[in-house]
Amino acid sequence: MIAKFNEAQLSRPQRESLRKVCEVLQLENENELVVTVVEFPIKLMVKLDDSEMLLGWSYEDASYAGLTKPEIQDPLPYTPLPESEKDTVDLPGPVENAEPDPALDLAPVLERTDALANAFVKLAKPLNNDQRQEIWIRFNAILFKELLG
């Protein structure tokens with residue numbers, strides 16, 4: 001069997017099941033089987049002598065088997081939310097008369113933001129466009145890393 005993926009990424013039951021299935025298939029084929037990924041690790045394609053076979057992982061049986069249907073059942077099928085719960089799942093509640101938190105005064109933050117932007121412009125003015133672009137890219141990379149990290 002030639003696996004066109006890293007078998008170590010499979011769980012032990014998946015590896016053992018794949019080997020057992022391929023041993024049986026190899027008895028019926030002259031050429032060495034070639035296994036490729038369709039949807040890792042749930043669907044694998046096995047190239048036989050004159051055809052191909054789609055293998056699907058069954059969570060219930062903890063084994064690979066040939067698929068007779070074009071698609072295998074998703075272990076966790078998508079269930080849509082009822083209309084009453086759509087677009088309101090993460091909302092905290094009514095926001096009609098919401099007042100801003102008095103502890104969050106943006107004035108000092110806005111002053112610092114303006115000062116930072118002015119300092120950044122003064123640093124970048126003497127540089128050429130390529131250097132400005134490099135600084136801008138680095139600035140934004142650090143900014144997003146700090147905000148999202």
# chains A, B, ... in the order shown; residues from 1 in each chain; ligands from 1
>>> residues_around(residues="range 4-11 of chain A", least_positions_apart="6", cutoff="8 Å", atoms="only C-alpha atoms", output="PyMOL selection string")
chain A and resi 34-37+41
>>> write_last_selection(atoms="N, CA and C atoms", output="PDB file, in the first residue's frame")
ATOM      1  N   VAL A  34      -2.838   2.374  -4.101  1.00  0.00           N
ATOM      2  CA  VAL A  34      -2.449   3.754  -3.821  1.00  0.00           C
ATOM      3  C   VAL A  34      -3.628   4.417  -3.123  1.00  0.00           C
ATOM      4  N   VAL A  35      -3.371   4.926  -1.910  1.00  0.00           N
ATOM      5  CA  VAL A  35      -4.426   5.543  -1.108  1.00  0.00           C
ATOM      6  C   VAL A  35      -4.200   7.044  -1.076  1.00  0.00           C
ATOM      7  N   THR A  36      -5.225   7.805  -1.469  1.00  0.00           N
ATOM      8  CA  THR A  36      -5.166   9.264  -1.439  1.00  0.00           C
ATOM      9  C   THR A  36      -6.301   9.803  -0.582  1.00  0.00           C
ATOM     10  N   VAL A  37      -6.175  11.049  -0.207  1.00  0.00           N
ATOM     11  CA  VAL A  37      -7.154  11.686   0.669  1.00  0.00           C
ATOM     12  C   VAL A  37      -8.247  12.340  -0.168  1.00  0.00           C
ATOM     13  N   PRO A  41      -9.780  12.631   7.878  1.00  0.00           N
ATOM     14  CA  PRO A  41      -9.515  11.213   7.663  1.00  0.00           C
ATOM     15  C   PRO A  41     -10.785  10.425   7.374  1.00  0.00           C
TER      16      PRO A  41
END
>>> select_by_dssp(residues="range 13-74 of chain A", states="strand (DSSP E)", output="ChimeraX atom specification")
/A:34-39,43-47,52-58,63-66
>>> closest_residue(among="A:Leu116, A:Ala124, A:Met45, A:Val38", to="Leu18 in chain A", atoms="only C-alpha atoms")
A:Met45
>>> residues_around(residues="Phe139 in chain A", least_positions_apart="5", cutoff="12 Å", atoms="only C-alpha atoms", output="number ranges by chain")
A: 116-117, 120-121, 124, 132-134, 144-146
